[in-house]
Amino acid sequence: MKGSFILSTLLSVTVCFGQTDKQINTPTPKEMVADNGKLTVKFDLTRGGAISWISNSGSQRSFVNIADEGRYIQQSYYAGKSLDRKAEGQSPNWSPWAWNPIQVGDVFRNRAKILDYKQSKDSLYVKCIPMQWDMNNRPAEAEMEQWTFLKGNILTIRNRLTCHRTDEIYGDSLMLNQELPAVYPISALKNLFTYEGNAPFTNEPYKKLEVKNLSTGFWGRYKEVSENWMAFVDDAHVGMLVYNPKCTMFLAGMAGVPGKEASDGSTSYIAPIKDEILYKNSIYEYEYYILIGSLAEMRKQVYEIKKKLAQGDRK
């Protein structure tokens, strides 16, 4: 979570899933919008194509916090040693820091450059050059790609990072926590739930967790998320669930206070975590899911997704 910047009004292009395939024309719009009649999802093409909005179709209330370039729903990775580079323009608030390319932009509000974007009848694709979070206007020696598929109330998202670093300062073989991905729901979704038991996917009761505030020093760490999901919901148990089948470790918590919306400084946070080494010349990719709806129904859908994955069905 990084800084404070209010998103400006966006020019948008609407992409309706289910229509005839078409290539989005230049000049690059500021935003792509997908609406399948169930959800509206927006992708900010001025910020690497990151997800900037998820709402129920027709609603003017987004579940995604976008108060600064460190929020959104976006790719963020870490590699190498944490270094003090203040003499080279590194933010004093983020020093020392590792090599950290992120999809939206850096702490100085310089933004990622879009290389490609397109849509077909059931998917959206973006490709960008990410920015190093802690440095002032330093594009990372990497590309990020994102494929997004919208079906009903479920987003299936595949992310890819391609690294081609030439630096000699960070090193090349450190195992670090990776956010897969970094997700910032609004803090009005204040109740955190997951399943941490030893009998996953058997419909045992899920658990409400105490929400750790970032002011205590760091997000909450959860090492036994045995159903691979966490969700922030409101008091009616409606909200956003994040599911990554690869992850049983998660970070989650809140910065600021509950009850706030998309452009407010306060935010909730969820990140599935996995320890990985990102080499200087490498490709890393993974798939995850964002669900919107009631907690009980979203958990049921996670079970259905897991079953399909086990059967080799990715549809």
# chains A, B, ... in the order shown; residues from 1 in each chain; ligands from 1

call {"tool": "residues_around", "arguments": {"residues": "Pro130 (chain A)", "least_positions_apart": "2", "cutoff": "12 Å", "atoms": "only C-alpha atoms", "output": "NGL selection string"}}
result
:A and (46-50 or 69 or 74-77 or 99-106 or 110-115 or 126-128 or 132-133 or 135 or 137-145 or 160-163)

call {"tool": "write_last_selection", "arguments": {"atoms": "N, CA and C atoms", "output": "compact mmCIF listing (two decimals), in the first residue's frame"}}
result
# COMPACT_ATOMS: atom_id res chain seq x y z
N THR A 46 -4.16 3.63 -18.59
CA THR A 46 -3.14 4.61 -18.21
C THR A 46 -2.29 4.09 -17.06
N ARG A 47 -2.64 2.93 -16.53
CA ARG A 47 -1.94 2.33 -15.40
C ARG A 47 -1.74 0.83 -15.64
N GLY A 48 -1.15 0.50 -16.77
CA GLY A 48 -0.73 -0.86 -17.03
C GLY A 48 -1.85 -1.86 -17.30
N GLY A 49 -3.07 -1.37 -17.45
CA GLY A 49 -4.19 -2.28 -17.67
C GLY A 49 -4.65 -3.00 -16.42
N ALA A 50 -4.26 -2.50 -15.24
CA ALA A 50 -4.69 -3.12 -13.98
C ALA A 50 -6.20 -2.98 -13.80
N GLU A 69 -1.25 4.52 -6.69
CA GLU A 69 -0.73 3.54 -7.65
C GLU A 69 -0.36 2.20 -7.04
N GLN A 74 -3.54 -5.85 -9.04
CA GLN A 74 -2.43 -5.74 -9.96
C GLN A 74 -1.32 -6.73 -9.66
N GLN A 75 -0.47 -6.91 -10.67
CA GLN A 75 0.72 -7.73 -10.52
C GLN A 75 1.80 -6.95 -9.77
N SER A 76 2.51 -7.66 -8.89
CA SER A 76 3.61 -7.09 -8.13
C SER A 76 4.54 -8.24 -7.76
N TYR A 77 5.83 -8.07 -8.02
CA TYR A 77 6.80 -9.14 -7.79
C TYR A 77 8.04 -8.58 -7.10
N TRP A 99 14.18 -5.29 -5.98
CA TRP A 99 13.65 -5.08 -7.33
C TRP A 99 12.17 -5.43 -7.30
N ASN A 100 11.32 -4.44 -7.57
CA ASN A 100 9.87 -4.60 -7.35
C ASN A 100 9.09 -3.99 -8.50
N PRO A 101 8.94 -4.73 -9.61
CA PRO A 101 8.11 -4.22 -10.71
C PRO A 101 6.64 -4.36 -10.36
N ILE A 102 5.87 -3.28 -10.57
CA ILE A 102 4.44 -3.39 -10.36
C ILE A 102 3.71 -2.83 -11.57
N GLN A 103 2.49 -3.28 -11.73
CA GLN A 103 1.75 -3.08 -12.98
C GLN A 103 1.26 -1.65 -13.17
N VAL A 104 0.91 -0.96 -12.11
CA VAL A 104 0.25 0.34 -12.25
C VAL A 104 1.25 1.46 -12.46
N GLY A 105 2.22 1.61 -11.56
CA GLY A 105 3.17 2.71 -11.64
C GLY A 105 4.01 2.78 -10.39
N ASP A 106 4.86 3.79 -10.26
CA ASP A 106 5.75 3.87 -9.11
C ASP A 106 5.20 4.83 -8.05
N ASN A 110 4.67 7.94 -11.65
CA ASN A 110 4.96 7.60 -13.04
C ASN A 110 4.30 6.26 -13.33
N ARG A 111 3.72 6.12 -14.50
CA ARG A 111 2.85 4.97 -14.75
C ARG A 111 3.44 4.01 -15.79
N ALA A 112 2.99 2.78 -15.71
CA ALA A 112 3.44 1.75 -16.65
C ALA A 112 2.98 2.08 -18.07
N LYS A 113 3.77 1.62 -19.03
CA LYS A 113 3.48 1.87 -20.44
C LYS A 113 2.80 0.66 -21.06
N ILE A 114 1.65 0.90 -21.70
CA ILE A 114 0.94 -0.17 -22.39
C ILE A 114 1.64 -0.49 -23.70
N LEU A 115 1.90 -1.78 -23.91
CA LEU A 115 2.48 -2.25 -25.17
C LEU A 115 1.43 -2.84 -26.11
N VAL A 126 -3.97 -7.48 -21.85
CA VAL A 126 -3.12 -6.29 -21.79
C VAL A 126 -1.67 -6.70 -21.58
N LYS A 127 -0.77 -5.87 -22.09
CA LYS A 127 0.67 -6.08 -21.92
C LYS A 127 1.30 -4.74 -21.64
N CYS A 128 2.18 -4.69 -20.66
CA CYS A 128 2.79 -3.41 -20.28
C CYS A 128 4.23 -3.59 -19.86
N GLN A 132 9.45 0.17 -11.53
CA GLN A 132 10.01 -0.20 -10.25
C GLN A 132 9.40 0.70 -9.18
N TRP A 133 8.74 0.08 -8.22
CA TRP A 133 7.91 0.82 -7.28
C TRP A 133 8.65 1.93 -6.55
N MET A 135 11.59 3.47 -7.17
CA MET A 135 12.45 4.38 -7.92
C MET A 135 11.63 5.41 -8.69
N ASN A 137 10.62 7.02 -11.83
CA ASN A 137 10.54 6.88 -13.29
C ASN A 137 11.60 5.92 -13.84
N ARG A 138 11.67 4.72 -13.22
CA ARG A 138 12.56 3.67 -13.69
C ARG A 138 11.73 2.48 -14.18
N PRO A 139 11.48 2.39 -15.48
CA PRO A 139 10.79 1.21 -15.99
C PRO A 139 11.60 -0.04 -15.66
N ALA A 140 10.91 -1.10 -15.33
CA ALA A 140 11.58 -2.37 -15.04
C ALA A 140 11.98 -3.06 -16.34
N GLU A 141 13.05 -3.80 -16.29
CA GLU A 141 13.48 -4.60 -17.44
C GLU A 141 12.64 -5.87 -17.47
N ALA A 142 11.39 -5.69 -17.86
CA ALA A 142 10.42 -6.79 -17.81
C ALA A 142 9.17 -6.37 -18.55
N GLU A 143 8.34 -7.34 -18.86
CA GLU A 143 6.99 -7.10 -19.36
C GLU A 143 6.01 -7.89 -18.51
N MET A 144 4.83 -7.33 -18.33
CA MET A 144 3.73 -8.02 -17.67
C MET A 144 2.60 -8.21 -18.68
N GLU A 145 2.00 -9.39 -18.66
CA GLU A 145 0.83 -9.68 -19.48
C GLU A 145 -0.29 -10.16 -18.58
N ARG A 160 1.39 -13.09 -16.35
CA ARG A 160 2.73 -13.54 -16.75
C ARG A 160 3.72 -12.39 -16.61
N LEU A 161 4.86 -12.68 -16.00
CA LEU A 161 5.99 -11.75 -15.91
C LEU A 161 7.14 -12.33 -16.71
N THR A 162 7.68 -11.54 -17.65
CA THR A 162 8.87 -11.93 -18.41
C THR A 162 10.00 -11.00 -18.02
N CYS A 163 11.04 -11.54 -17.40
CA CYS A 163 12.17 -10.75 -16.92
C CYS A 163 13.34 -10.86 -17.89

call {"tool": "residues_around", "arguments": {"residues": "Leu209 (chain A)", "least_positions_apart": "6", "cutoff": "12 Å", "atoms": "only C-alpha atoms", "output": "PDB file with C-alpha atoms, in the first residue's frame"}}
result
ATOM      1  CA  LYS A 190     -14.503  -5.014   6.625  1.00  0.00           C
ATOM      2  CA  ASN A 191     -15.127  -8.638   7.638  1.00  0.00           C
ATOM      3  CA  LEU A 192     -12.377 -11.150   6.786  1.00  0.00           C
ATOM      4  CA  PHE A 193     -13.171 -14.836   6.318  1.00  0.00           C
ATOM      5  CA  THR A 194     -11.343 -18.004   5.313  1.00  0.00           C
ATOM      6  CA  TYR A 195     -11.060 -21.705   6.120  1.00  0.00           C
ATOM      7  CA  GLU A 196      -7.935 -22.740   8.037  1.00  0.00           C
ATOM      8  CA  GLY A 220      -1.760 -10.124   9.056  1.00  0.00           C
ATOM      9  CA  ARG A 221       0.097 -13.302   8.012  1.00  0.00           C
ATOM     10  CA  TYR A 222      -1.872 -16.501   7.504  1.00  0.00           C
ATOM     11  CA  VAL A 225      -5.317 -21.146   4.365  1.00  0.00           C
ATOM     12  CA  MET A 230      -9.816 -15.371   1.601  1.00  0.00           C
ATOM     13  CA  ALA A 231     -12.724 -12.943   1.388  1.00  0.00           C
ATOM     14  CA  PHE A 232     -13.620  -9.485   2.626  1.00  0.00           C
ATOM     15  CA  VAL A 233     -17.380  -9.000   2.961  1.00  0.00           C
ATOM     16  CA  ALA A 252      -4.497  -9.673   4.616  1.00  0.00           C
ATOM     17  CA  GLY A 253      -5.569  -6.704   6.673  1.00  0.00           C
TER      18      GLY A 253
END

call {"tool": "atom_distance", "arguments": {"atom1": "CA of Cys247 (chain A)", "atom2": "CA of Glu261 (chain A)"}}
result
27.8 Å

call {"tool": "select_by_dssp", "arguments": {"residues": "region 216-299 of chain A", "states": "helix (DSSP H, G or I)", "output": "MDAnalysis selection string"}}
result
chainID A and resid 216 295:299

call {"tool": "select_by_dssp", "arguments": {"residues": "region 67-303 of chain A", "states": "strand (DSSP E or B)", "output": "ChimeraX atom specification"}}
result
/A:73-76,79-83,97-99,101-102,105,111,113-120,123-129,131-132,139,142-151,154-164,176-183,185-186,191-194,207-209,213,220-222,229-233,238-243,249-255,267-276,281-294

call {"tool": "residues_around", "arguments": {"residues": "Glu297 (chain A)", "least_positions_apart": "4", "cutoff": "12 Å", "atoms": "only C-alpha atoms", "output": "short mmCIF file (atom, residue, chain, number, x, y, z; two decimals) with C-alpha atoms, in the first residue's frame"}}
result
data_model
loop_
_atom_site.label_atom_id
_atom_site.label_comp_id
_atom_site.auth_asym_id
_atom_site.auth_seq_id
_atom_site.Cartn_x
_atom_site.Cartn_y
_atom_site.Cartn_z
CA ASN A 153 -19.76 -13.33 -11.17
CA ILE A 154 -16.29 -14.88 -11.61
CA ASN A 203 -17.88 -27.94 3.76
CA ALA A 231 -12.72 -12.94 1.39
CA HIS A 237 -21.69 -11.33 4.05
CA VAL A 238 -21.54 -9.95 0.50
CA GLY A 239 -18.24 -8.90 -1.03
CA MET A 240 -15.08 -10.10 -2.78
CA LEU A 241 -13.27 -13.44 -2.59
CA LEU A 291 -15.45 -13.76 -7.15
CA ILE A 292 -18.16 -11.25 -6.22
CA GLY A 293 -21.28 -12.20 -4.28
CA GLN A 301 -18.16 -21.80 -6.54
CA VAL A 302 -14.55 -22.20 -5.37
CA TYR A 303 -15.31 -25.88 -4.80
CA GLU A 304 -16.70 -26.10 -8.32
#

call {"tool": "closest_residue", "arguments": {"among": "A:Glu210, A:Glu276, A:Asp68, A:Asp84", "to": "Val107 (chain A)", "atoms": "only C-alpha atoms"}}
result
A:Asp68

call {"tool": "closest_residue", "arguments": {"among": "A:Ser95, A:Asn56, A:Ser215, A:Asn65", "to": "Gly265 (chain A)", "atoms": "only C-alpha atoms"}}
result
A:Asn65

call {"tool": "atom_distance", "arguments": {"atom1": "CA of Leu39 (chain A)", "atom2": "CA of Arg299 (chain A)"}}
result
18.0 Å

call {"tool": "atom_distance", "arguments": {"atom1": "CA of Lys306 (chain A)", "atom2": "CA of Asn36 (chain A)"}}
result
23.2 Å

call {"tool": "residues_around", "arguments": {"residues": "Tyr170 (chain A)", "least_positions_apart": "3", "cutoff": "8 Å", "atoms": "only C-alpha atoms", "output": "CSV table (one decimal) with C-alpha atoms, in the first residue's frame"}}
result
chain,number,residue,atom,x,y,z
A,79,ALA,CA,13.5,-10.2,-6.6
A,80,GLY,CA,17.0,-9.8,-5.2
A,81,LYS,CA,18.5,-7.9,-2.3
A,82,SER,CA,16.9,-4.9,-0.6
A,83,LEU,CA,19.1,-1.9,-1.5
A,98,ALA,CA,14.2,-5.0,-3.6
A,99,TRP,CA,13.7,-5.1,-7.3
A,167,ASP,CA,21.5,-5.1,-13.5

call {"tool": "closest_residue", "arguments": {"among": "A:Ile186, A:Tyr286, A:Phe201, A:Tyr206", "to": "Ala255 (chain A)", "atoms": "only C-alpha atoms"}}
result
A:Ile186
